[in-house]
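This report concerns only the one structure given below.
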2 protein chains.
Amino acid sequence: MTDTLTQTSALDSARDAFRAEILDTKWLVAAGEPGLYARSGRFEDAVEGVARFVQTRFADLDAARLRFAPVFPRAEFEQTDYIVSFPHLTGAINGFQGTEAEHKQLVNARANGEQWDSWLSPAETMLVPAVCHPLYERLRGTLPEGGQVFDLEGFCFRHEPSRDPMRLQAFRQHELVFVGADEDARTFRNDMAARQLEGLLELGLDAKTVAANDPFFGRTGRFLARNQLADEAKLEIVVPIYGDLDEGTAIASANRHGDHFGATFGIETAEGDAAHSACLGWGLERVVLALVRTHGTDLKTWPTEVLDLLALDR
Amino acid sequence: MTDTLTQTSALDSARDAFRAEILDTKWLVAAGEPGLYARSGRFEDAVEGVARFVQTRFADLDAARLRFAPVFPRAEFEQTDYIVSFPHLTGAINGFQGTEAEHKQLVNARANGEQWDSWLSPAETMLVPAVCHPLYERLRGTLPEGGQVFDLEGFCFRHEPSRDPMRLQAFRQHELVFVGADEDARTFRNDMAARQLEGLLELGLDAKTVAANDPFFGRTGRFLARNQLADEAKLEIVVPIYGDLDEGTAIASANRHGDHFGATFGIETAEGDAAHSACLGWGLERVVLALVRTHGTDLKTWPTEVLDLLALDR
């Protein structure tokens with residue numbers, strides 16, 4: 001017991017120290033809640049550098065670029081059963097849709113220090129939990145021969161306030177998504193996962209690929225997680241951020257979805273089967289923070305070849 | 001009456017026709033709800049071109065770049081009284097923070113086709129209504145001599161579903177914000193508003209500056225709107241999108257806030273007064289759509305000088 005507690009507290013201290021360091025050196029600015037930050041211009045340049053680096057490396061895929069807003073239809077969220085598997089991460093949106101008289105009641109309640117959310121009601125949208133979720137309904141119908149590849153980027157929301165600067169409540173994912181035949185989705189995931197790792201190694205990161213699982217909720221969730229792990233449906237690329245104190249932090253992933261999205265959203269291959277899908281994801285803020293942790297908080301100390309790959313100036 | 005109705009229906013038809021045109025030519029992809037779209041790569045390049053154009057034109061201000069997430073602290077939202085003035089535009093975030101047993105109830109209710117939002121509770125965050133709102137709490141305290149200028153960009157949410165493709169529920173604002181002495185804020189607003197108009201005219205837009213007001217809610221709101229208009233606190237740059245059918249669409253604005261944010265968030269000038277603030281805002285998606293409306297849906301027909309200013313290829 002004592003060892004585990006010591007370990008936990010050493011990890012918390014390491015996280016707090018890294019957080020203090022990136023705030024002191026102004027890569028990020030604390031924005032009032034755990035896991036909320038403003039990005040400095042320098043941080044943003046690095047995010048854009050990483051996104052460009054990814055696009056350049058996978059330019060041969062000729063992926064169709066699409067950029068979604070941070071919110072998407074509740075009707076599409078409902079189809080994915082996300083609220084069953086990940087209720088704790090969900091962000092639902094409420095708005096005020098009442099009359100002037102009801103608004104007066106809300107304002108009076110608020111003036112008396114009372115809670116006013118009960119005057120709101122669910123809006124037509126939810127926060128986007130993963131950048132590919134708004135894609136699938138757009139593909140309902142029959143895919144072209146050979147399937148399709150999409151290049152996505154956008155803000156995701158996960159309600160998991162944390163002291164660890166690697167865990168944000170709102171962050172950007174860059175994704176390459178393949179939709180098509182079962183075999184092609186498997187090949188895409190495996191081949192591209194290898195290239196994904198190569199790219200991160202070229203950026204000087206001490207990266208390795210491990211089988212992983214999503215953070216499913218509750219007891220049923222633990223069962224789903226074990227299945228996902230056994231099936232190697234999810235690979236994560238992890239980088240040590242806190243030395244030996246934990247097992248590293250995932251900065252990217254490569255996932256097979258089977259026909260989960262294809263069947264749910266009525267997407268068919270040219271052959272008439274339910275489409276399978278696979279995606280490569282990069283957590284853009286995490287990649288940048290891993291680079292800062294690895295190469296230092298001062299760009300002057302970063303290897304020239306890394307700066308060149310990211311088109312960043314010292 | 002008949003004339004007004006004819007006018008309204010002609011305006012709706014014009015909006016529907018423009019929406020169909022930008023969807024057919026794949027600048028945007030409809031994303032399931034009125035005012036929600038996916039941006040194509042070409043659209044996104046144009047957005048980035050406009051943002052870079054703005055940054056280059058105002059580079060002499062040496063503004064500090066900050067990029068906020070699409071969500072910000074509820075505690076800061078509460079301080080602005082936004083829910084009093086703009087309840088109808090507000091986006092509040094709810095999450096599931098219950099036990100496994102409560103989650104089982106939620107899942108059962110949902111399986112029975114019942115509404116499940118009552119198992120959620122307010123999260124610590126709200127959707128950002130204007131990109132400068134997450135800034136002010138960061139400035140609590142005393143400003144440097146002469147004030148400060150910030151360069152902000154990020155996603156804003158306004159709950160106003162519309163058939164008009166110029167009115168999105170989630171869109172990006174680019175803002176230049178001055179915080180400092182009263183006189184300096186006034187000078188900033190007036191001088192920079194003139195430069196803002198010049199820039200949009202150079203992009204070939206038929207732009208003009210008009211006094212305007214925010215869409216305050218209800219009867220009290222109409223009174224606030226009249227005051228704002230009389231005080232010329234808000235200037236908008238409007239461009240005709242639907243000919244003579246309406247008074248044009250605002251694509252940018254230049255605003256004086258008085259000491260509203262300075263007093264609310266405890267920001268003081270070096271002289272010890274409550275800070276005044278002013279901001280220039282560009283609606284990035286609206287500027288791009290105004291360019292498409294003006295120069296055509298095919299980049300080949302855009303004037304060479306406009307493409308050069310935006311660093312876009314034909």
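Scheme for the structure tokens: letters A, B, ... for chains in order shown; per-chain residue numbers from 1; ligand numbers from 1 in order shown.
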Those of region 20-155 of chain A in DSSP alpha helix (DSSP H), formatted as a PyMOL selection string: chain A and resi 20-24+41-57+74-79+82-85+100-111
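All of the residues in chain A within 7 Å of chain B are Gly32, Glu33, Tyr37, Ala38, Arg39, Ser40, Gly41, Arg65, Leu66, Arg67, Phe68, Ala69, Pro73, Val84, Pro87, His88, Thr90, Gly91, Ala92, Ile93, Asn94, Gly95, Phe96, Gln97, Glu100, Val107, Ala170 and Gly218 of chain A, where only C-alpha atoms were counted.
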So which residues of region 15-230 of chain B fall under strand (DSSP E) by DSSP, listed as a ChimeraX atom specification? /B:28-30,37-40,64-67,71-73,92-95,121-127,141-142,148-157,170-180,208-211
Distance query Leu139 (chain A) at most 10 Å, only C-alpha atoms, self and fewer than 6 positions along chain excluded, as a PyMOL selection string: chain A and resi 148+179+262+265-268
Atoms kept (all heavy atoms) for selection, written as a PDB file, in the first residue's frame:
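Contents of result24.pdb, freshly written:
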```pdb
ATOM      1  N   GLN A 148     -12.966   5.116 -49.178  1.00  0.00           N
ATOM      2  CA  GLN A 148     -12.589   6.534 -49.164  1.00  0.00           C
ATOM      3  C   GLN A 148     -11.726   6.844 -47.954  1.00  0.00           C
ATOM      4  O   GLN A 148     -11.873   6.211 -46.900  1.00  0.00           O
ATOM      5  CB  GLN A 148     -13.853   7.406 -49.090  1.00  0.00           C
ATOM      6  CG  GLN A 148     -14.450   7.747 -50.449  1.00  0.00           C
ATOM      7  CD  GLN A 148     -15.617   8.706 -50.320  1.00  0.00           C
ATOM      8  OE1 GLN A 148     -16.631   8.361 -49.724  1.00  0.00           O
ATOM      9  NE2 GLN A 148     -15.484   9.897 -50.870  1.00  0.00           N
ATOM     10  N   VAL A 179     -12.838   4.376 -44.820  1.00  0.00           N
ATOM     11  CA  VAL A 179     -14.133   3.708 -44.801  1.00  0.00           C
ATOM     12  C   VAL A 179     -14.224   2.857 -46.063  1.00  0.00           C
ATOM     13  O   VAL A 179     -14.023   3.376 -47.172  1.00  0.00           O
ATOM     14  CB  VAL A 179     -15.302   4.731 -44.783  1.00  0.00           C
ATOM     15  CG1 VAL A 179     -16.623   4.044 -44.478  1.00  0.00           C
ATOM     16  CG2 VAL A 179     -15.033   5.806 -43.742  1.00  0.00           C
ATOM     17  N   GLY A 262     -20.305   1.747 -39.863  1.00  0.00           N
ATOM     18  CA  GLY A 262     -20.939   1.427 -41.146  1.00  0.00           C
ATOM     19  C   GLY A 262     -22.357   0.911 -40.961  1.00  0.00           C
ATOM     20  O   GLY A 262     -23.285   1.346 -41.647  1.00  0.00           O
ATOM     21  N   PHE A 265     -24.696   3.755 -39.306  1.00  0.00           N
ATOM     22  CA  PHE A 265     -25.065   4.905 -40.134  1.00  0.00           C
ATOM     23  C   PHE A 265     -25.434   4.507 -41.569  1.00  0.00           C
ATOM     24  O   PHE A 265     -25.511   5.352 -42.454  1.00  0.00           O
ATOM     25  CB  PHE A 265     -23.935   5.945 -40.126  1.00  0.00           C
ATOM     26  CG  PHE A 265     -23.800   6.661 -38.809  1.00  0.00           C
ATOM     27  CD1 PHE A 265     -22.859   6.262 -37.865  1.00  0.00           C
ATOM     28  CD2 PHE A 265     -24.636   7.733 -38.500  1.00  0.00           C
ATOM     29  CE1 PHE A 265     -22.742   6.916 -36.645  1.00  0.00           C
ATOM     30  CE2 PHE A 265     -24.523   8.397 -37.283  1.00  0.00           C
ATOM     31  CZ  PHE A 265     -23.574   7.987 -36.342  1.00  0.00           C
ATOM     32  N   GLY A 266     -25.629   3.213 -41.810  1.00  0.00           N
ATOM     33  CA  GLY A 266     -26.084   2.791 -43.140  1.00  0.00           C
ATOM     34  C   GLY A 266     -25.096   3.115 -44.246  1.00  0.00           C
ATOM     35  O   GLY A 266     -25.468   3.635 -45.300  1.00  0.00           O
ATOM     36  N   ILE A 267     -23.824   2.831 -44.009  1.00  0.00           N
ATOM     37  CA  ILE A 267     -22.799   3.064 -45.041  1.00  0.00           C
ATOM     38  C   ILE A 267     -22.447   1.707 -45.655  1.00  0.00           C
ATOM     39  O   ILE A 267     -22.103   0.767 -44.937  1.00  0.00           O
ATOM     40  CB  ILE A 267     -21.521   3.694 -44.428  1.00  0.00           C
ATOM     41  CG1 ILE A 267     -21.895   4.888 -43.522  1.00  0.00           C
ATOM     42  CG2 ILE A 267     -20.549   4.118 -45.524  1.00  0.00           C
ATOM     43  CD1 ILE A 267     -20.747   5.386 -42.666  1.00  0.00           C
ATOM     44  N   GLU A 268     -22.549   1.612 -46.976  1.00  0.00           N
ATOM     45  CA  GLU A 268     -22.282   0.356 -47.663  1.00  0.00           C
ATOM     46  C   GLU A 268     -21.118   0.464 -48.631  1.00  0.00           C
ATOM     47  O   GLU A 268     -20.894   1.511 -49.225  1.00  0.00           O
ATOM     48  CB  GLU A 268     -23.525  -0.082 -48.457  1.00  0.00           C
ATOM     49  CG  GLU A 268     -24.679  -0.485 -47.561  1.00  0.00           C
ATOM     50  CD  GLU A 268     -25.790  -1.190 -48.342  1.00  0.00           C
ATOM     51  OE1 GLU A 268     -25.698  -1.242 -49.590  1.00  0.00           O
ATOM     52  OE2 GLU A 268     -26.730  -1.681 -47.698  1.00  0.00           O
TER      53      GLU A 268
END
```
For Ala250 (chain A), list every protein, DNA or RNA residue within 8 Å, evaluated using only C-alpha atoms, and leave out those in the same chain fewer than 2 positions away; present the list as a list in words. Glu236, Ile237, Val238, Val239, Gly248, Ala252, Ser253 and Arg286 of chain A
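In this comparison, which uses only C-alpha atoms, the residue of B:Gly281, B:Leu205, B:Arg163, B:Glu305 approaching Ala17 (chain B) most closely is B:Arg163.
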